[in-house]
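Listing of coords-v2.txt; format and content: compact mmCIF, C-alpha atoms.
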# COMPACT_ATOMS: atom_id res chain seq x y z
CA MET I 1 114.24 98.33 132.39
CA GLN I 2 116.96 95.73 132.92
CA ILE I 3 120.20 95.52 130.96
CA ILE I 4 121.99 92.17 130.85
CA GLU I 5 125.65 92.53 129.91
CA ASN I 6 127.43 90.11 127.60
CA ARG I 7 131.08 91.05 127.02
CA ILE I 8 133.02 89.20 124.32
CA SER I 9 136.81 89.17 124.02
CA THR I 10 138.52 90.00 120.70
CA ASP I 11 142.14 89.06 121.50
CA PHE I 12 143.27 92.66 121.06
CA CYS I 13 146.81 92.90 119.61
CA GLY I 14 147.65 96.61 119.89
CA GLU I 15 147.95 97.27 116.13
CA LYS I 16 144.37 96.89 114.91
CA CYS I 17 141.04 96.76 116.73
CA TYR I 18 137.52 95.72 115.81
CA VAL I 19 135.03 98.54 115.24
CA HIS I 20 131.51 98.95 113.83
CA ALA I 21 130.22 95.91 115.71
CA ARG I 22 126.51 95.61 114.93
CA GLY I 23 124.28 92.59 115.04
CA LEU I 24 120.98 90.87 114.59
CA VAL I 25 119.17 88.21 116.63
CA LEU I 26 116.48 86.01 115.04
CA PRO I 27 113.67 84.06 116.77
CA SER I 28 115.32 80.80 115.64
CA GLY I 29 118.23 81.53 117.96
CA PHE I 30 120.56 82.35 115.08
CA ALA I 31 122.40 85.62 115.50
CA ILE I 32 125.01 87.33 113.39
CA MET I 33 127.35 90.16 114.21
CA THR I 34 129.42 92.06 111.65
CA MET I 35 132.50 94.18 112.33
CA GLN I 36 135.74 95.26 110.68
CA LYS I 37 139.29 95.94 111.73
CA LEU I 38 140.66 99.47 112.14
CA GLU I 39 144.32 100.46 111.73
CA LEU I 40 145.13 102.15 115.05
CA SER I 41 147.93 104.25 113.55
CA GLY I 42 145.55 105.95 111.09
CA CYS I 43 142.23 107.77 110.91
CA ASP I 44 139.24 105.67 109.82
CA VAL I 45 141.46 103.15 108.03
CA PHE I 46 139.17 100.12 107.76
CA TYR I 47 139.59 96.62 106.39
CA GLY I 48 137.10 94.04 105.14
CA ILE I 49 133.89 93.01 106.89
CA GLU I 50 134.11 90.04 109.26
CA MET I 51 131.31 88.20 111.03
CA ARG I 52 130.68 86.17 114.15
CA LYS I 53 127.72 83.79 114.47
CA SER I 54 125.64 82.48 117.32
CA THR I 55 123.12 79.64 117.56
CA ASP I 56 121.95 80.34 121.11
CA GLY I 57 120.32 83.74 120.75
CA ALA I 58 123.50 85.85 121.08
CA LYS I 59 124.56 84.33 124.39
CA SER I 60 127.81 83.13 122.83
CA PHE I 61 129.48 83.73 119.47
CA GLY I 62 131.98 81.83 117.37
CA ALA I 63 135.35 83.21 116.29
CA PRO I 64 135.41 86.03 113.72
CA VAL I 65 135.48 84.92 110.08
CA ALA I 66 136.26 87.15 107.09
CA CYS I 67 133.38 87.68 104.66
CA GLU I 68 134.95 86.43 101.45
CA HIS I 69 133.14 88.85 99.13
CA LEU I 70 133.43 91.90 101.42
CA ARG I 71 137.20 92.17 101.62
CA ARG I 72 138.98 95.42 100.81
CA VAL I 73 139.41 95.90 97.04
CA TYR I 74 142.77 97.14 95.68
CA LEU I 75 142.89 98.83 92.27
CA ASP I 76 145.72 99.14 89.74
CA ASP I 77 146.13 102.88 90.40
CA GLY I 78 147.09 102.20 94.02
CA THR I 79 143.76 103.24 95.50
CA SER I 80 141.44 100.88 97.34
CA TYR I 81 137.94 100.81 98.76
CA VAL I 82 135.92 98.82 101.26
CA MET I 83 132.35 98.50 102.46
CA SER I 84 132.15 100.19 105.83
CA ASP I 85 129.80 101.32 108.64
CA ALA I 86 127.68 98.24 107.99
CA THR I 87 124.47 97.20 109.78
CA PRO I 88 122.64 93.86 109.34
CA PHE I 89 118.85 93.91 108.96
CA TYR I 90 116.31 91.07 108.77
CA HIS I 91 113.79 91.38 105.94
CA SER I 92 110.83 89.38 107.19
CA LYS I 93 108.93 89.09 103.90
CA SER I 94 111.81 87.36 102.10
CA GLY I 95 113.46 85.82 105.17
CA LYS I 96 116.78 87.34 104.05
CA ILE I 97 119.42 89.25 106.00
CA ILE I 98 120.58 92.45 104.32
CA LEU I 99 123.77 94.30 105.23
CA THR I 100 123.68 98.04 104.44
CA GLY I 101 126.55 100.52 104.49
CA HIS I 102 128.66 102.60 102.15
CA LYS I 103 131.98 102.75 100.35
CA VAL I 104 135.17 104.26 101.80
CA TRP I 105 138.12 105.10 99.55
CA TYR I 106 141.86 105.11 100.35
CA GLY I 107 144.91 106.46 98.52
CA GLU I 108 148.27 104.81 97.89
CA ASP I 109 149.37 105.99 101.34
CA ASN I 110 146.52 104.03 103.00
CA LYS I 111 144.91 107.27 104.15
CA LEU I 112 141.39 108.44 103.41
CA LEU I 113 141.27 109.58 99.79
CA ARG I 114 140.42 113.27 99.69
CA GLU I 115 139.87 113.54 95.93
CA ALA I 116 136.30 113.01 94.80
CA ARG I 117 135.38 109.41 94.10
CA PRO I 118 131.81 108.08 93.76
CA ARG I 119 130.41 106.69 97.00
CA ALA I 120 127.07 104.94 96.89
CA PRO I 121 124.71 103.34 99.39
CA LEU I 122 125.71 99.67 99.46
CA TYR I 123 123.97 96.45 100.42
CA ALA I 124 124.94 92.79 100.57
CA VAL I 125 122.56 89.84 100.97
CA TYR I 126 123.35 86.91 103.26
CA ASN I 127 123.53 83.63 101.37
CA GLU I 128 122.25 80.99 103.78
CA GLU I 129 123.56 78.09 101.69
CA LEU I 130 127.10 79.50 101.69
CA GLY I 131 126.89 80.88 105.22
CA ASP I 132 128.33 84.16 103.96
CA PHE I 133 127.31 87.45 102.37
CA ASP I 134 127.29 87.77 98.61
CA ALA I 135 129.26 90.62 97.04
CA PHE I 136 127.98 94.08 97.82
CA ARG I 137 125.93 96.01 95.29
CA GLU I 138 124.89 99.63 94.97
CA ILE I 139 121.45 101.13 95.46
CA GLU I 140 121.34 103.11 92.24
CA MET I 141 120.54 106.75 92.92
CA PRO I 142 118.98 109.15 90.37
CA GLU I 143 121.22 110.95 87.90
CA THR I 144 120.98 114.74 88.22
CA GLU I 145 122.61 117.63 86.38
CA ASN I 146 124.88 118.52 89.32
CA ASP I 147 125.54 114.90 90.40
CA GLU I 148 123.65 115.58 93.61
CA TYR I 149 124.01 112.02 94.94
CA PHE I 150 127.63 111.54 93.84
CA SER I 151 128.89 110.87 97.38
CA GLY I 152 126.09 109.07 99.19
CA GLY I 153 125.88 106.32 101.75
CA ALA I 154 123.74 104.34 104.14
CA GLY I 155 126.46 104.02 106.74
CA CYS I 156 125.46 103.27 110.36
CA ALA I 157 121.78 103.42 109.38
CA GLN I 158 118.74 101.75 110.88
CA ILE I 159 116.23 100.90 108.17
CA VAL I 160 112.52 100.02 108.29
CA GLU I 161 110.52 97.32 106.51
CA LEU I 162 106.99 98.31 105.52
CA GLU I 163 104.05 95.88 105.67
CA ASN I 164 104.33 95.23 101.93
CA GLY I 165 108.01 94.32 102.22
CA GLU I 166 109.34 97.60 100.85
CA LEU I 167 112.24 99.24 102.66
CA LEU I 168 112.78 102.75 103.96
CA VAL I 169 116.52 103.39 103.81
CA PRO I 170 117.92 106.64 105.27
CA ILE I 171 120.80 108.03 103.24
CA TYR I 172 123.11 111.03 103.55
CA TYR I 173 125.03 112.54 100.65
CA LYS I 174 127.01 115.39 99.06
CA GLU I 175 126.92 116.52 95.45
CA ARG I 176 130.05 116.08 93.31
CA LYS I 177 131.45 119.61 93.69
CA HIS I 178 131.50 119.26 97.50
CA ALA I 179 132.39 115.58 97.71
CA ALA I 180 136.09 116.13 98.50
CA ASP I 181 135.47 118.82 101.12
CA PRO I 182 135.31 117.25 104.62
CA ARG I 183 133.67 120.41 106.01
CA ALA I 184 130.91 120.63 103.41
CA CYS I 185 127.37 120.07 104.67
CA ALA I 186 125.77 116.73 103.87
CA ALA I 187 122.03 116.37 103.34
CA ALA I 188 119.81 113.48 104.42
CA VAL I 189 116.91 111.76 102.69
CA VAL I 190 114.89 108.57 103.11
CA ALA I 191 114.68 106.26 100.09
CA ARG I 192 111.70 103.94 99.55
CA CYS I 193 113.03 100.77 97.94
CA SER I 194 111.80 97.40 96.78
CA PHE I 195 113.56 94.14 97.67
CA ASP I 196 112.76 90.87 95.93
CA GLY I 197 115.13 88.73 98.00
CA GLU I 198 118.09 89.57 95.78
CA THR I 199 118.03 93.17 94.56
CA VAL I 200 117.29 96.47 96.29
CA LYS I 201 115.83 99.03 93.85
CA LEU I 202 115.00 102.66 94.49
CA ILE I 203 111.32 103.56 94.06
CA GLU I 204 111.25 107.14 95.30
CA LEU I 205 113.03 109.65 97.49
CA GLY I 206 111.42 111.65 100.27
CA ASP I 207 112.12 115.18 101.47
CA THR I 208 115.69 116.43 101.51
CA LEU I 209 116.72 117.54 105.00
CA ARG I 210 119.43 120.19 105.24
CA THR I 211 121.11 122.42 107.78
CA ASP I 212 123.96 124.91 107.49
CA VAL I 213 125.29 123.89 110.91
CA PRO I 214 128.79 122.50 110.20
CA ARG I 215 128.94 119.28 108.15
CA GLY I 216 125.16 119.07 107.89
CA PHE I 217 123.21 115.90 108.63
CA GLY I 218 124.90 112.50 108.69
CA GLU I 219 124.37 108.88 109.69
CA PRO I 220 120.55 109.03 109.84
CA SER I 221 118.66 106.26 111.62
CA LEU I 222 114.96 105.48 111.22
CA ILE I 223 112.35 103.60 113.24
CA ALA I 224 108.59 103.04 113.03
CA TYR I 225 106.52 103.59 116.17
CA LYS I 226 102.73 103.73 116.59
CA GLY I 227 101.99 104.74 113.03
CA GLU I 228 104.75 107.35 112.75
CA TYR I 229 108.39 107.33 111.70
CA PHE I 230 111.19 108.85 113.72
CA LEU I 231 114.55 109.94 112.34
CA ALA I 232 117.74 110.62 114.30
CA LEU I 233 120.44 112.72 112.65
CA ARG I 234 124.10 113.27 113.50
CA ASN I 235 125.48 116.81 113.43
CA ASP I 236 128.78 118.35 114.53
CA VAL I 237 127.17 120.68 117.08
CA THR I 238 124.11 118.79 118.32
CA GLY I 239 122.02 115.76 117.43
CA PHE I 240 118.65 116.30 115.75
CA LEU I 241 115.33 114.42 115.69
CA SER I 242 112.45 114.55 113.23
CA LYS I 243 109.26 112.61 112.56
CA SER I 244 106.93 111.76 109.70
CA ARG I 245 103.54 110.21 108.96
CA ASP I 246 104.77 108.24 105.94
CA GLY I 247 108.51 107.83 106.47
CA LEU I 248 109.36 110.08 103.51
CA HIS I 249 108.17 113.59 104.33
CA PHE I 250 109.57 114.85 107.63
CA CYS I 251 109.02 117.85 109.85
CA GLN I 252 111.84 120.34 110.36
CA PRO I 253 114.45 118.56 112.50
CA GLU I 254 114.65 119.72 116.11
CA LYS I 255 117.73 119.88 118.31
CA LEU I 256 118.11 116.97 120.68
CA CYS I 257 117.17 118.11 124.19
CA PHE I 258 115.99 116.82 127.54
CA ASP I 259 112.33 117.32 128.46
CA ASP I 260 113.28 120.34 130.60
CA GLY I 261 114.67 122.09 127.51
CA GLU I 262 118.35 121.61 128.32
CA ASP I 263 120.58 120.53 125.44
CA LEU I 264 121.19 116.79 125.60
CA GLY I 265 124.92 117.19 125.00
CA ASN I 266 125.08 114.75 122.09
CA TYR I 267 127.25 116.00 119.21
CA ASN I 268 129.26 114.68 116.25
CA THR I 269 128.10 111.13 117.05
CA GLN I 270 125.28 108.90 115.85
CA GLN I 271 122.19 107.89 117.80
CA HIS I 272 120.04 104.77 117.34
CA TRP I 273 116.52 103.69 118.24
CA LEU I 274 114.77 100.95 120.19
CA THR I 275 111.10 100.29 120.88
CA GLY I 276 110.00 98.30 123.90
CA GLY I 277 107.43 98.24 126.67
CA GLY I 278 105.13 100.21 124.39
CA LYS I 279 107.59 103.12 124.39
CA LEU I 280 110.14 104.75 122.12
CA TRP I 281 113.79 104.75 123.22
CA LEU I 282 116.98 106.42 122.04
CA VAL I 283 120.55 105.18 122.59
CA TYR I 284 123.20 107.91 122.48
CA THR I 285 126.37 109.43 123.92
CA ARG I 286 126.61 112.89 125.50
CA ARG I 287 128.58 115.28 127.65
CA ALA I 288 127.91 113.89 131.12
CA GLY I 289 130.12 116.03 133.35
CA ASN I 290 132.50 113.20 134.16
CA ASN I 291 133.59 112.05 130.70
CA ASP I 292 135.64 114.97 129.40
CA HIS I 293 138.58 112.58 128.96
CA MET I 294 136.64 110.76 126.23
CA PHE I 295 137.07 111.64 122.55
CA ARG I 296 133.93 113.60 121.61
CA HIS I 297 132.38 112.29 124.86
CA ARG I 298 131.69 109.01 123.04
CA ALA I 299 131.25 106.91 126.18
CA PRO I 300 129.33 105.73 128.07
CA LEU I 301 126.30 104.74 126.00
CA PHE I 302 123.03 106.01 127.47
CA ILE I 303 119.46 104.88 126.84
CA ALA I 304 116.35 106.92 127.61
CA GLU I 305 112.70 107.19 126.64
CA VAL I 306 111.74 109.72 123.97
CA ASP I 307 108.56 111.78 124.14
CA PRO I 308 107.16 111.17 120.63
CA GLU I 309 105.08 114.36 120.64
CA ARG I 310 107.71 116.79 121.89
CA LEU I 311 110.68 114.95 120.33
CA CYS I 312 112.75 115.19 123.49
CA VAL I 313 114.51 112.78 125.83
CA ILE I 314 112.81 112.16 129.20
CA ARG I 315 115.63 112.79 131.66
CA SER I 316 114.17 110.71 134.51
CA THR I 317 114.29 107.56 132.37
CA GLU I 318 117.95 107.82 131.39
CA LYS I 319 120.18 104.86 132.20
CA ILE I 320 123.71 103.80 131.27
CA ALA I 321 123.50 101.02 128.69
CA VAL I 322 127.24 100.35 128.32
CA GLU I 323 129.79 101.54 130.86
CA GLU I 324 132.78 103.68 129.89
CA ARG I 325 136.13 101.90 130.35
CA GLY I 326 138.41 104.36 128.56
CA ALA I 327 137.50 103.63 124.94
CA ARG I 328 134.90 105.35 122.80
CA LEU I 329 131.59 103.61 122.14
CA GLY I 330 130.03 106.02 119.65
CA ASN I 331 129.81 103.62 116.69
CA PHE I 332 127.23 101.03 117.64
CA GLY I 333 124.04 99.25 116.62
CA ALA I 334 120.60 98.63 118.13
CA GLN I 335 117.90 96.07 117.35
CA SER I 336 114.30 96.01 118.55
CA TYR I 337 113.70 92.27 118.90
CA SER I 338 110.23 92.38 120.49
CA ASP I 339 108.17 94.69 122.68
CA SER I 340 109.86 93.20 125.73
CA GLU I 341 113.40 92.76 124.44
CA GLY I 342 116.05 94.64 122.47
CA TYR I 343 119.79 94.50 121.83
CA ILE I 344 122.68 96.95 121.72
CA PHE I 345 125.91 95.96 119.97
CA VAL I 346 129.14 97.93 120.36
CA SER I 347 132.90 97.39 120.34
CA GLU I 348 135.46 99.40 122.27
CA TRP I 349 137.21 101.64 119.73
CA MET I 350 140.80 101.70 121.01
CA GLN I 351 141.65 105.25 119.97
CA ASN I 352 141.13 108.24 122.21
CA ASP I 353 142.77 111.29 120.61
CA PRO I 354 145.30 112.65 121.25
CA HIS I 355 146.39 109.52 123.13
CA GLY I 356 146.85 106.04 121.72
CA TRP I 357 145.32 102.73 122.73
CA GLN I 358 147.45 102.59 125.88
CA LYS I 359 145.34 105.28 127.54
CA CYS I 360 142.22 103.28 126.78
CA ALA I 361 143.81 100.15 128.25
CA GLU I 362 144.84 101.97 131.42
CA ARG I 363 141.16 102.50 132.23
CA GLY I 364 140.24 98.88 131.50
CA SER I 365 139.36 98.74 127.80
CA ASP I 366 140.60 95.83 125.69
CA ASN I 367 138.50 96.12 122.49
CA SER I 368 135.74 94.00 124.02
CA ILE I 369 132.47 93.71 122.14
CA PHE I 370 129.32 94.24 124.21
CA VAL I 371 126.05 92.53 123.29
CA GLN I 372 123.64 94.07 125.76
CA LYS I 373 120.19 92.56 126.12
CA VAL I 374 117.65 95.21 127.11
CA LEU I 375 114.54 93.93 128.90
CA PHE I 376 111.60 96.36 129.00
As structure tokens:
Amino acid sequence: MQIIENRISTDFCGEKCYVHARGLVLPSGFAIMTMQKLELSGCDVFYGIEMRKSTDGAKSFGAPVACEHLRRVYLDDGTSYVMSDATPFYHSKSGKIILTGHKVWYGEDNKLLREARPRAPLYAVYNEELGDFDAFREIEMPETENDEYFSGGAGCAQIVELENGELLVPIYYKERKHAADPRACAAAVVARCSFDGETVKLIELGDTLRTDVPRGFGEPSLIAYKGEYFLALRNDVTGFLSKSRDGLHFCQPEKLCFDDGEDLGNYNTQQHWLTGGGKLWLVYTRRAGNNDHMFRHRAPLFIAEVDPERLCVIRSTEKIAVEERGARLGNFGAQSYSDSEGYIFVSEWMQNDPHGWQKCAERGSDNSIFVQKVLF
């Protein structure tokens, strides 16, 4: 495996930084990367989605441009919301780019709103004529007696397109009575959806996956590999993996470990998939023995082969995909471009609790965005 680094400057100012950088490269050479600004003085205070474009296969990108229809929305009661944790996906049957994510709410004080507000899985479709995304829409979830899907989202998710053009969209959610409790356990499920080039519609939901380990399952990511489907799940204590024959009904999730049985050390942070060289790969962060200074050990980014039968990471294949320079890298994206090539997108998140951005800068971070080409 060879990793070719491409580091892009963001003109970091010290007040806000770009986060949630995720992208997509197409065979035509067109590439798009979405991201959003974070208020460094707050906690998860995000602003509208911006994008950068490339016409040379992600070798170089233009300046960031605000997505006109994906700006933060301010309401008369002083609250606001924004699409967040977005990931672009190419739908081959329609030739359209879909951006999936979820809604984040803020109060009058510009802090995360703790009272229960509906939060749905969101998507926005790229309008090629306008060169911008249309306004986001909701994937309408079923109505249930206890409002089971009241607070749901497809944030940070990898989705799968089936041969017939249908989509498998992993979602995590809390019912209404637990929606305002940050410690309540979320559940995960995969939704099979149709997409006609304009509208994503729910067809059916698969198995609900639950755990009573703190905060449950979050930020699920899905990939298809050799006739099976593999799901990665975030959890406060340890990452989990599961697999399925149909992408809807999954085996009991297993804790993320090395092939010798040792805990991987990934916790409270997402993981994403790649396929290449005929193998299945996972990109992740973990406790590495020399990164205790990093918030939740969220740097560096590692990549390693996964044993698809045992659902474990093969230690001997592990390699650093993005070096640690003082800033966390835990919110990232991955794209399997072909069997010989893949991409990892990530921006340096210039917060490292309890210290501010200055501690990140002292070690070399400057909110750079990395577009790593992985050659298998």
What gap, in Å, lies between atom CA of Glu228 of chain I and atom CA of Gly206 of chain I?
->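 It comes out at 14.8 Å.
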Surrounding residues of Tyr149 of chain I excluding itself and chain neighbours under 3 positions, 10 Å, all atoms listed in the file, as a list in words |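 My list of contacting residues is Pro118, Arg119, Ala120, Pro121, Glu140, Met141, Pro142, Glu143, Thr144, Asn146, Gly152, Gly153, Ile171, Tyr172, Tyr173, Lys174, Glu175, Arg176, Ala179 and Ala187 of chain I.
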Given 8 Å on each side, where is the centre and what are the edge lengths in Å to one decimal of the axis-aligned box enclosing the listed atoms of segment 349-355 of chain I, as AutoDock Vina command-line options?
--center_x 141.8 --center_y 107.1 --center_z 121.4 --size_x 25.2 --size_y 27.0 --size_z 19.4
Selection: 6 Å around segment 347-352 of chain I, only C-alpha atoms, excl. self and same-chain fewer than 2 positions, as a PyMOL selection string | chain I and resi 19+21+295+327-329+355-357+367-369
Spatial neighbours of segment 56-63 of chain I, max dist 7 Å, only C-alpha atoms, sep filter under 3 positions, as a ChimeraX atom specification = /I:25,29-31,52-53
For a cut-off of 6 Å around (117.1, 117.4, 113.2), file coordinates, pick out all residues using all atoms listed in the file and list them as JSON, numbers by chain.
-> {"I": [233, 240, 241, 242, 253, 254, 255]}
Quick one: everything within 10 Å of Phe230 of chain I, counting all atoms listed in the file, minus sequence neighbours fewer than 2 positions away in the same chain. Send it as an mmCIF file with C-alpha atoms, keeping the file's coordinate frame.
data_model
loop_
_atom_site.group_PDB
_atom_site.id
_atom_site.type_symbol
_atom_site.label_atom_id
_atom_site.label_comp_id
_atom_site.auth_asym_id
_atom_site.auth_seq_id
_atom_site.Cartn_x
_atom_site.Cartn_y
_atom_site.Cartn_z
ATOM 1 C CA SER I 221 118.660 106.260 111.620
ATOM 2 C CA LEU I 222 114.960 105.480 111.220
ATOM 3 C CA ILE I 223 112.350 103.600 113.240
ATOM 4 C CA ALA I 224 108.590 103.040 113.030
ATOM 5 C CA TYR I 225 106.520 103.590 116.170
ATOM 6 C CA GLU I 228 104.750 107.350 112.750
ATOM 7 C CA ALA I 232 117.740 110.620 114.300
ATOM 8 C CA LEU I 241 115.330 114.420 115.690
ATOM 9 C CA SER I 242 112.450 114.550 113.230
ATOM 10 C CA LYS I 243 109.260 112.610 112.560
ATOM 11 C CA SER I 244 106.930 111.760 109.700
ATOM 12 C CA ARG I 245 103.540 110.210 108.960
ATOM 13 C CA GLY I 247 108.510 107.830 106.470
ATOM 14 C CA PHE I 250 109.570 114.850 107.630
ATOM 15 C CA TRP I 273 116.520 103.690 118.240
ATOM 16 C CA LEU I 280 110.140 104.750 122.120
ATOM 17 C CA PRO I 308 107.160 111.170 120.630
ATOM 18 C CA LEU I 311 110.680 114.950 120.330
#
Between atom CA of Glu309 of chain I and atom CA of Phe217 of chain I, measure the distance and give it in Å to one decimal.
->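 Separating atom CA of Glu309 of chain I from atom CA of Phe217 of chain I is a distance of 21.8 Å.
All protein, DNA and RNA residues at most 7 Å from (129.0, 105.9, 123.9) are Tyr284, Thr285, Arg298, Ala299, Pro300, Leu301, Phe302, Arg328, Leu329 and Gly330 of chain I, using only C-alpha atoms.
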Residue selection dump (C-alpha atoms) as a PDB file, in the coordinates of the input:
ATOM      1  CA  TYR I 284     123.200 107.910 122.480  1.00  0.00           C
ATOM      2  CA  THR I 285     126.370 109.430 123.920  1.00  0.00           C
ATOM      3  CA  ARG I 298     131.690 109.010 123.040  1.00  0.00           C
ATOM      4  CA  ALA I 299     131.250 106.910 126.180  1.00  0.00           C
ATOM      5  CA  PRO I 300     129.330 105.730 128.070  1.00  0.00           C
ATOM      6  CA  LEU I 301     126.300 104.740 126.000  1.00  0.00           C
ATOM      7  CA  PHE I 302     123.030 106.010 127.470  1.00  0.00           C
ATOM      8  CA  ARG I 328     134.900 105.350 122.800  1.00  0.00           C
ATOM      9  CA  LEU I 329     131.590 103.610 122.140  1.00  0.00           C
ATOM     10  CA  GLY I 330     130.030 106.020 119.650  1.00  0.00           C
TER      11      GLY I 330
END
Contact residues around segment 260-265 of chain I with all atoms listed in the file at 9 Å, ignoring same-chain residues under 5 positions, as an mmCIF file with C-alpha atoms, in the frame of the given file:
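Just written: around35.cif:
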data_model
loop_
_atom_site.group_PDB
_atom_site.id
_atom_site.type_symbol
_atom_site.label_atom_id
_atom_site.label_comp_id
_atom_site.auth_asym_id
_atom_site.auth_seq_id
_atom_site.Cartn_x
_atom_site.Cartn_y
_atom_site.Cartn_z
ATOM 1 C CA VAL I 237 127.170 120.680 117.080
ATOM 2 C CA THR I 238 124.110 118.790 118.320
ATOM 3 C CA GLY I 239 122.020 115.760 117.430
ATOM 4 C CA LYS I 255 117.730 119.880 118.310
ATOM 5 C CA THR I 285 126.370 109.430 123.920
ATOM 6 C CA ARG I 286 126.610 112.890 125.500
ATOM 7 C CA ARG I 287 128.580 115.280 127.650
ATOM 8 C CA ALA I 288 127.910 113.890 131.120
ATOM 9 C CA HIS I 297 132.380 112.290 124.860
ATOM 10 C CA CYS I 312 112.750 115.190 123.490
ATOM 11 C CA VAL I 313 114.510 112.780 125.830
ATOM 12 C CA ILE I 314 112.810 112.160 129.200
ATOM 13 C CA ARG I 315 115.630 112.790 131.660
#
Nearest to Ile49 of chain I: which of I:Trp281, I:Phe133, I:Tyr106, I:Tyr74 is it, counting all atoms listed in the file?
-> I:Phe133
